[in-house]
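Asker: Sharing upload29.cif, mmCIF, C-alpha atoms:
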data_start
loop_
_atom_site.label_atom_id
_atom_site.label_comp_id
_atom_site.auth_asym_id
_atom_site.auth_seq_id
_atom_site.Cartn_x
_atom_site.Cartn_y
_atom_site.Cartn_z
CA MET H 1 1.74 7.00 -7.47
CA ASP H 2 1.29 7.54 -3.76
CA ARG H 3 -1.32 5.21 -2.29
CA ALA H 4 -3.13 7.97 -0.42
CA ASP H 5 -3.36 10.07 -3.58
CA PHE H 6 -4.80 7.13 -5.52
CA PHE H 7 -7.42 6.33 -2.89
CA ASP H 8 -8.36 10.00 -2.55
CA LYS H 9 -8.78 10.35 -6.32
CA LEU H 10 -11.09 7.32 -6.36
CA ASP H 11 -13.10 8.66 -3.42
CA GLU H 12 -13.58 11.97 -5.20
CA GLU H 13 -14.55 10.44 -8.54
CA LEU H 14 -16.97 7.97 -6.94
CA ARG H 15 -18.44 10.36 -4.33
CA THR H 16 -17.73 7.72 -1.71
CA ASP H 17 -18.78 9.82 1.28
CA ALA H 18 -22.27 10.38 -0.17
CA TYR H 19 -23.09 6.69 0.28
CA ALA H 20 -21.76 6.31 3.82
CA ASP H 21 -25.21 6.16 5.44
CA VAL H 22 -26.99 4.03 2.82
CA ASP H 23 -24.56 1.21 2.03
CA ALA H 24 -23.94 -1.89 4.13
CA SER H 25 -20.47 -2.03 2.61
CA PRO H 26 -17.80 0.29 4.02
CA ASN H 27 -16.65 1.96 0.81
CA GLY H 28 -13.15 3.27 0.19
CA LEU H 29 -10.05 1.73 1.70
CA GLN H 30 -11.48 -1.29 3.52
CA ILE H 31 -8.30 -3.10 4.57
CA GLY H 32 -4.71 -1.95 4.64
CA SER H 33 -2.57 1.14 4.92
CA ARG H 34 -2.65 4.41 3.00
CA GLU H 35 1.13 4.64 3.21
CA GLY H 36 3.26 3.44 0.32
CA GLU H 37 3.61 3.65 -3.45
CA LEU H 38 1.66 2.03 -6.28
CA GLU H 39 2.75 0.90 -9.72
CA THR H 40 0.32 -1.92 -10.51
CA VAL H 41 -3.30 -2.18 -9.35
CA ALA H 42 -5.51 -5.24 -9.72
CA PHE H 43 -9.26 -4.90 -10.29
CA ALA H 44 -11.91 -7.55 -9.66
CA VAL H 45 -15.64 -7.81 -9.02
CA ASP H 46 -15.29 -9.80 -5.79
CA ALA H 47 -12.79 -9.79 -2.96
CA ALA H 48 -12.40 -13.55 -2.48
CA GLU H 49 -9.51 -15.93 -1.88
CA ALA H 50 -9.23 -16.64 -5.61
CA THR H 51 -9.08 -13.00 -6.69
CA ILE H 52 -6.73 -12.00 -3.87
CA GLU H 53 -4.34 -14.82 -4.81
CA ALA H 54 -4.52 -13.80 -8.48
CA ALA H 55 -3.77 -10.17 -7.60
CA LEU H 56 -0.73 -11.26 -5.57
CA ASP H 57 0.45 -13.55 -8.37
CA ALA H 58 0.21 -10.60 -10.76
CA GLY H 59 2.46 -8.53 -8.52
CA ALA H 60 -0.24 -5.95 -7.75
CA ASP H 61 0.39 -3.24 -5.19
CA ALA H 62 -3.33 -2.81 -4.41
CA LEU H 63 -6.63 -4.55 -5.13
CA VAL H 64 -9.81 -2.67 -6.07
CA THR H 65 -13.11 -4.56 -5.99
CA HIS H 66 -16.85 -3.93 -6.21
CA HIS H 67 -17.76 -6.44 -3.50
CA GLY H 68 -15.55 -6.25 -0.44
CA ILE H 69 -15.04 -8.37 2.64
CA VAL H 70 -16.81 -6.33 5.31
CA TRP H 71 -20.60 -6.04 5.24
CA GLY H 72 -22.18 -4.22 8.15
CA GLY H 73 -19.17 -4.74 10.42
CA LEU H 74 -17.05 -7.62 11.66
CA ASP H 75 -17.50 -9.30 15.03
CA ARG H 76 -14.54 -11.63 14.67
CA VAL H 77 -11.77 -12.11 12.14
CA THR H 78 -11.93 -15.90 11.93
CA GLY H 79 -12.83 -18.53 9.38
CA ARG H 80 -13.56 -17.23 5.90
CA GLU H 81 -12.92 -13.62 6.86
CA TYR H 82 -9.50 -14.50 8.29
CA ASP H 83 -8.57 -16.52 5.19
CA ARG H 84 -9.30 -13.49 3.03
CA ILE H 85 -7.86 -10.77 5.25
CA GLU H 86 -4.65 -12.51 6.37
CA PRO H 87 -2.93 -12.60 2.95
CA LEU H 88 -3.85 -8.96 2.34
CA ILE H 89 -2.15 -7.89 5.55
CA ARG H 90 0.78 -10.33 5.28
CA ASN H 91 1.58 -9.12 1.77
CA ASP H 92 0.75 -5.46 2.42
CA LEU H 93 -1.91 -5.52 -0.31
CA PRO H 94 -4.51 -2.84 0.45
CA LEU H 95 -8.13 -3.52 -0.50
CA TYR H 96 -10.20 -0.62 -1.84
CA VAL H 97 -13.93 -1.25 -2.26
CA SER H 98 -16.64 0.62 -4.13
CA HIS H 99 -20.08 -0.96 -3.89
CA LEU H 100 -23.13 1.29 -4.37
CA PRO H 101 -21.04 4.28 -5.50
CA LEU H 102 -19.82 2.19 -8.43
CA ASP H 103 -23.29 0.88 -9.23
CA GLY H 104 -24.79 4.31 -9.66
CA HIS H 105 -21.99 6.38 -11.17
CA PRO H 106 -23.57 8.00 -14.26
CA THR H 107 -20.66 7.46 -16.65
CA ILE H 108 -18.33 4.73 -15.34
CA GLY H 109 -20.71 2.73 -13.16
CA ASN H 110 -22.14 -0.73 -13.70
CA ALA H 111 -25.53 0.51 -14.87
CA ALA H 112 -23.81 2.98 -17.19
CA GLY H 113 -21.87 0.11 -18.75
CA VAL H 114 -25.03 -1.84 -19.49
CA ALA H 115 -26.67 1.33 -20.81
CA ASP H 116 -23.69 1.87 -23.13
CA LEU H 117 -24.00 -1.70 -24.36
CA LEU H 118 -27.68 -1.14 -25.19
CA ASP H 119 -27.17 2.32 -26.70
CA LEU H 120 -29.58 3.91 -24.26
CA ALA H 121 -30.12 7.65 -24.71
CA ALA H 122 -31.96 10.30 -22.65
CA ARG H 123 -30.57 8.75 -19.48
CA GLU H 124 -31.74 9.68 -16.02
CA PRO H 125 -31.01 8.40 -12.51
CA PHE H 126 -32.95 5.35 -11.36
CA GLY H 127 -33.02 3.13 -8.29
CA GLU H 128 -33.39 5.28 -5.21
CA VAL H 129 -31.45 4.35 -2.08
CA GLY H 130 -32.12 7.14 0.36
CA PRO H 131 -30.99 10.36 -1.29
CA GLU H 132 -28.81 8.53 -3.83
CA THR H 133 -29.49 6.32 -6.86
CA VAL H 134 -27.81 3.11 -8.00
CA GLY H 135 -29.14 2.63 -11.53
CA LEU H 136 -30.08 4.34 -14.78
CA LEU H 137 -33.16 4.70 -16.95
CA GLY H 138 -32.86 5.32 -20.67
CA GLU H 139 -34.42 4.85 -24.09
CA ARG H 140 -33.37 2.86 -27.13
CA GLU H 141 -33.18 5.05 -30.20
CA GLU H 142 -34.18 1.94 -32.14
CA PRO H 143 -36.76 -0.16 -30.24
CA ILE H 144 -35.84 -3.81 -29.90
CA ASN H 145 -37.82 -7.02 -29.58
CA VAL H 146 -37.61 -8.43 -26.05
CA GLY H 147 -36.23 -11.70 -27.37
CA ALA H 148 -33.54 -9.90 -29.33
CA LEU H 149 -32.71 -7.85 -26.24
CA SER H 150 -32.21 -11.05 -24.27
CA GLU H 151 -29.98 -12.47 -27.00
CA LEU H 152 -27.93 -9.27 -27.13
CA LEU H 153 -27.24 -9.44 -23.40
CA ALA H 154 -26.42 -13.15 -23.59
CA ASP H 155 -23.99 -12.58 -26.45
CA GLU H 156 -22.20 -9.62 -24.87
CA LEU H 157 -22.09 -10.53 -21.17
CA ASP H 158 -20.00 -13.21 -19.50
CA THR H 159 -22.87 -15.16 -17.96
CA GLY H 160 -20.79 -18.25 -17.29
CA GLY H 161 -22.79 -20.18 -19.86
CA GLU H 162 -26.03 -19.65 -17.94
CA GLY H 163 -27.67 -17.36 -20.49
CA VAL H 164 -30.21 -14.66 -19.65
CA GLN H 165 -33.45 -15.57 -17.88
CA THR H 166 -36.27 -13.52 -19.36
CA LEU H 167 -39.67 -12.88 -17.82
CA ALA H 168 -41.47 -11.62 -20.94
CA PHE H 169 -44.55 -10.10 -19.34
CA GLY H 170 -44.32 -6.63 -20.86
CA PRO H 171 -44.47 -5.10 -24.34
CA GLU H 172 -43.00 -7.25 -27.11
CA THR H 173 -41.11 -4.19 -28.36
CA VAL H 174 -38.82 -2.57 -25.79
CA GLU H 175 -37.89 1.09 -25.92
CA ARG H 176 -37.67 2.42 -22.35
CA VAL H 177 -35.29 0.41 -20.16
CA ALA H 178 -34.45 0.54 -16.46
CA VAL H 179 -31.05 -0.86 -15.46
CA LEU H 180 -30.02 -1.78 -11.92
CA THR H 181 -27.22 -4.31 -11.88
CA GLY H 182 -26.60 -7.07 -9.36
CA SER H 183 -29.63 -7.62 -7.14
CA GLY H 184 -32.17 -5.08 -8.40
CA ALA H 185 -35.48 -6.90 -8.14
CA ASP H 186 -36.67 -4.67 -5.30
CA TRP H 187 -36.85 -1.72 -7.70
CA LEU H 188 -39.46 -3.35 -9.96
CA ASP H 189 -42.24 -0.97 -8.88
CA GLU H 190 -40.01 2.05 -9.47
CA ALA H 191 -39.35 0.78 -13.00
CA VAL H 192 -43.08 0.36 -13.59
CA ASP H 193 -43.82 3.84 -12.24
CA ALA H 194 -41.15 5.26 -14.56
CA GLY H 195 -42.87 3.73 -17.58
CA ALA H 196 -40.12 1.22 -18.36
CA ASP H 197 -40.85 -1.56 -20.82
CA ALA H 198 -38.13 -3.69 -19.25
CA LEU H 199 -36.02 -3.93 -16.12
CA ILE H 200 -32.54 -5.37 -16.55
CA THR H 201 -30.83 -6.65 -13.43
CA GLY H 202 -28.58 -9.48 -12.36
CA GLU H 203 -30.64 -11.80 -10.22
CA GLY H 204 -34.20 -12.14 -8.98
CA LYS H 205 -36.25 -13.39 -6.07
CA GLY H 206 -39.03 -15.95 -6.03
CA LYS H 207 -41.76 -13.36 -5.82
CA LEU H 208 -40.42 -11.50 -8.87
CA TYR H 209 -42.22 -13.77 -11.36
CA HIS H 210 -45.70 -12.87 -10.15
CA GLU H 211 -44.83 -9.24 -9.50
CA ALA H 212 -43.57 -8.78 -13.06
CA ARG H 213 -46.50 -10.68 -14.55
CA GLU H 214 -49.07 -8.66 -12.63
CA ALA H 215 -47.32 -5.37 -13.42
CA GLY H 216 -46.97 -6.13 -17.13
CA ILE H 217 -43.24 -5.49 -17.40
CA ASN H 218 -40.38 -7.47 -18.93
CA VAL H 219 -37.56 -8.47 -16.58
CA LEU H 220 -34.22 -9.75 -17.81
CA LEU H 221 -31.91 -11.47 -15.33
CA ALA H 222 -28.43 -11.38 -16.84
CA GLY H 223 -26.38 -12.52 -13.85
CA HIS H 224 -25.08 -10.68 -10.79
CA TYR H 225 -21.44 -11.08 -11.78
CA ALA H 226 -22.01 -10.51 -15.49
CA THR H 227 -23.77 -7.18 -15.00
CA GLU H 228 -21.16 -5.88 -12.56
CA THR H 229 -17.87 -6.17 -14.41
CA PHE H 230 -18.34 -2.79 -16.11
CA GLY H 231 -17.54 -0.57 -13.16
CA VAL H 232 -14.24 -2.11 -12.14
CA ARG H 233 -13.13 -2.26 -15.77
CA SER H 234 -13.90 1.45 -16.09
CA LEU H 235 -11.93 2.17 -12.92
CA ALA H 236 -9.00 0.24 -14.37
CA ALA H 237 -9.12 2.42 -17.49
CA LEU H 238 -9.19 5.50 -15.27
CA ALA H 239 -6.18 4.25 -13.29
CA GLU H 240 -4.28 3.77 -16.54
CA GLU H 241 -5.00 7.41 -17.43
CA TRP H 242 -3.40 8.30 -14.08
CA GLY H 243 -0.24 6.46 -15.14
CA LEU H 244 -0.70 3.13 -13.36
CA GLU H 245 -0.36 -0.40 -14.69
CA THR H 246 -3.52 -2.45 -14.23
CA VAL H 247 -4.60 -6.10 -14.14
CA PHE H 248 -8.21 -7.26 -14.40
CA VAL H 249 -8.86 -10.44 -12.44
CA ASP H 250 -11.82 -12.11 -14.14
CA HIS H 251 -13.48 -14.82 -12.05
CA PRO H 252 -17.03 -15.42 -13.37
CA THR H 253 -19.45 -17.08 -10.98
CA GLY H 254 -22.29 -17.93 -13.35
CA LEU H 255 -24.64 -16.38 -10.80
#
Could you rewrite the structure in this file as structure tokens?

Answerer:
Amino acid sequence: MDRADFFDKLDEELRTDAYADVDASPNGLQIGSREGELETVAFAVDAAEATIEAALDAGADALVTHHGIVWGGLDRVTGREYDRIEPLIRNDLPLYVSHLPLDGHPTIGNAAGVADLLDLAAREPFGEVGPETVGLLGEREEPINVGALSELLADELDTGGEGVQTLAFGPETVERVAVLTGSGADWLDEAVDAGADALITGEGKGKLYHEAREAGINVLLAGHYATETFGVRSLAALAEEWGLETVFVDHPTGL
């Protein structure tokens, strides 16, 4: 497949342009050229030295990640940035990034993956970022005990052995669930206003304990990495439908 065609198809599916003014990450082709052909594409959560090396070892013609290298611009390409960018350019390995667009996609996004895992129905957008959303809100057809919900996430997600930290300050039985993967603690109030019994996200902040306790809502912290493997895996499946070979580079962080 032509590189440009592949990147354009991703941009269209992910509505990349819609997030241009609300995301610190430049989404789309972040490093490299649109010219060339693709046979094998590697997918990973993070663009880091380890995942770039693994993609090259796998013979990939492009690397697609959720977290890229550029955040809010680059002043200098030195140090860590140079060590990541140099092998991409030297080996002509383009890096395509989808951050917030992949969080909020209603069917193949990270939140959608968690919602699928939990069998959430009656889904609606959640997690406002300007005019866009980056999460989902849904309901369990069979309510679940908050402890059992925590165990389900721990069993199904690759948390790097860290388990799921649970702030059980809400109803013992959970039916309505808000999902915002990665770092979603700032949307606690939106979850409360939406009538959620629980907010599932990746990581929290120090103030989250008291905020959740005072608001009377359960919060489950299942790991930033663990909650954000769904989107890139779904993109890999989509690329296979387009006739490409794919490689998933799994590098859990435990965070």

Asker: Written as a PyMOL selection string, what is the full residue list that the PyMOL selection byres ((chain H and resi 218) around 9) yields on the file shown?

Answerer: chain H and resi 146+166-172+174+196-200+212-213+216-217+219-220

Asker: Atom CA of H:Ala50 and atom CA of H:Trp71, how far apart in Å?

Answerer: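 Spanning atom CA of H:Trp71 to atom CA of H:Ala50 is a straight-line distance of 19.0 Å.
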
Asker: Please enumerate the residues selected by the PyMOL selection byres ((chain H and resi 91-108) around 7) when evaluated against the supplied file, formatted as a ChimeraX atom specification.

Answerer: /H:14-16,19,23,25,27-33,61-68,87-90,109-113,133-135,231,234

Asker: Using all atoms listed in the file, which of H:Leu235, H:Ala121, H:Leu153, H:Ala54 sits nearest H:Glu13?

Answerer: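 The answer is H:Leu235, which sits nearest to H:Glu13.
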
Asker: Restricting the calculation to only C-alpha atoms, which member of H:Ala178, H:Ala239, H:Ala226, H:Leu255 is positioned closest to H:Gly204?

Answerer: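 For H:Gly204, the nearest of the candidates is H:Leu255.
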
Asker: Please, what distance in Å, to one decimal, runs between atom CA of H:Val179 and atom CA of H:Val114?

Answerer: 7.3 Å

Asker: For the PyMOL selection byres ((chain H and resi 160) around 8), applied here, can you spell out every residue it catches as a ChimeraX atom specification?

Answerer: /H:158-159,161-163,252-255

Asker: Nearest residue to H:Asp116 out of H:Thr51, H:Leu244, H:Phe230, H:Asp75, using all atoms listed in the file?

Answerer: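 Of all the options, H:Phe230 lies closest to H:Asp116.
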
Asker: Grab the atom CA of H:Leu157 to atom CA of H:Ala222 distance for me, in Å with one decimal place.

Answerer: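 Answer for the atom CA of H:Leu157 to atom CA of H:Ala222 separation: 7.7 Å.
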
Asker: Once you count only C-alpha atoms, which residues end up no further than 6 Å from (-33.4, 7.5, -12.2) in the file's frame, shown as a PDB file with C-alpha atoms, in the frame of the given file?

Answerer:
ATOM      1  CA  GLU H 124     -31.740   9.680 -16.020  1.00  0.00           C
ATOM      2  CA  PRO H 125     -31.010   8.400 -12.510  1.00  0.00           C
ATOM      3  CA  PHE H 126     -32.950   5.350 -11.360  1.00  0.00           C
ATOM      4  CA  GLY H 127     -33.020   3.130  -8.290  1.00  0.00           C
ATOM      5  CA  LEU H 136     -30.080   4.340 -14.780  1.00  0.00           C
ATOM      6  CA  LEU H 137     -33.160   4.700 -16.950  1.00  0.00           C
TER       7      LEU H 137
END

Asker: So which residues are close to (-41.3, 2.6, -28.6), meaning at most 8 Å away in the file's coordinates with all atoms listed in the file counted, and can you show them as a list of chain:residue names?

Answerer: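 Final list of nearby residues, as requested, is H:Glu142, H:Pro143, H:Thr173, H:Val174, H:Glu175, H:Arg176.
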
Asker: Can you pull out every residue within 9 Å of H:Met1, counting all atoms listed in the file, but drop anything in the same chain fewer than 2 positions away, and send it as a list of chain:residue names?

Answerer: H:Arg3, H:Ala4, H:Asp5, H:Phe6, H:Gly36, H:Glu37, H:Leu38, H:Glu39, H:Trp242, H:Gly243, H:Leu244

Asker: Which is closer to H:Glu141 than all the others in H:Asp119, H:Asp189, H:Asp11, H:Glu214, using all atoms listed in the file?

Answerer: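 Closest candidate: H:Asp119.
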
Asker: Could you check the closest approach to H:Lys207 for each of H:Leu56, H:Ala185, H:Val192, H:Val249 and tell me which residue wins, using all atoms listed in the file?

Answerer: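 Residue with the minimum atom-to-atom distance to H:Lys207: H:Ala185.
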
Asker: Quick one: of H:Thr246, H:Tyr209, H:Tyr225, H:His251, who's nearest to H:Gly59, counting all atoms listed in the file?

Answerer: H:Thr246
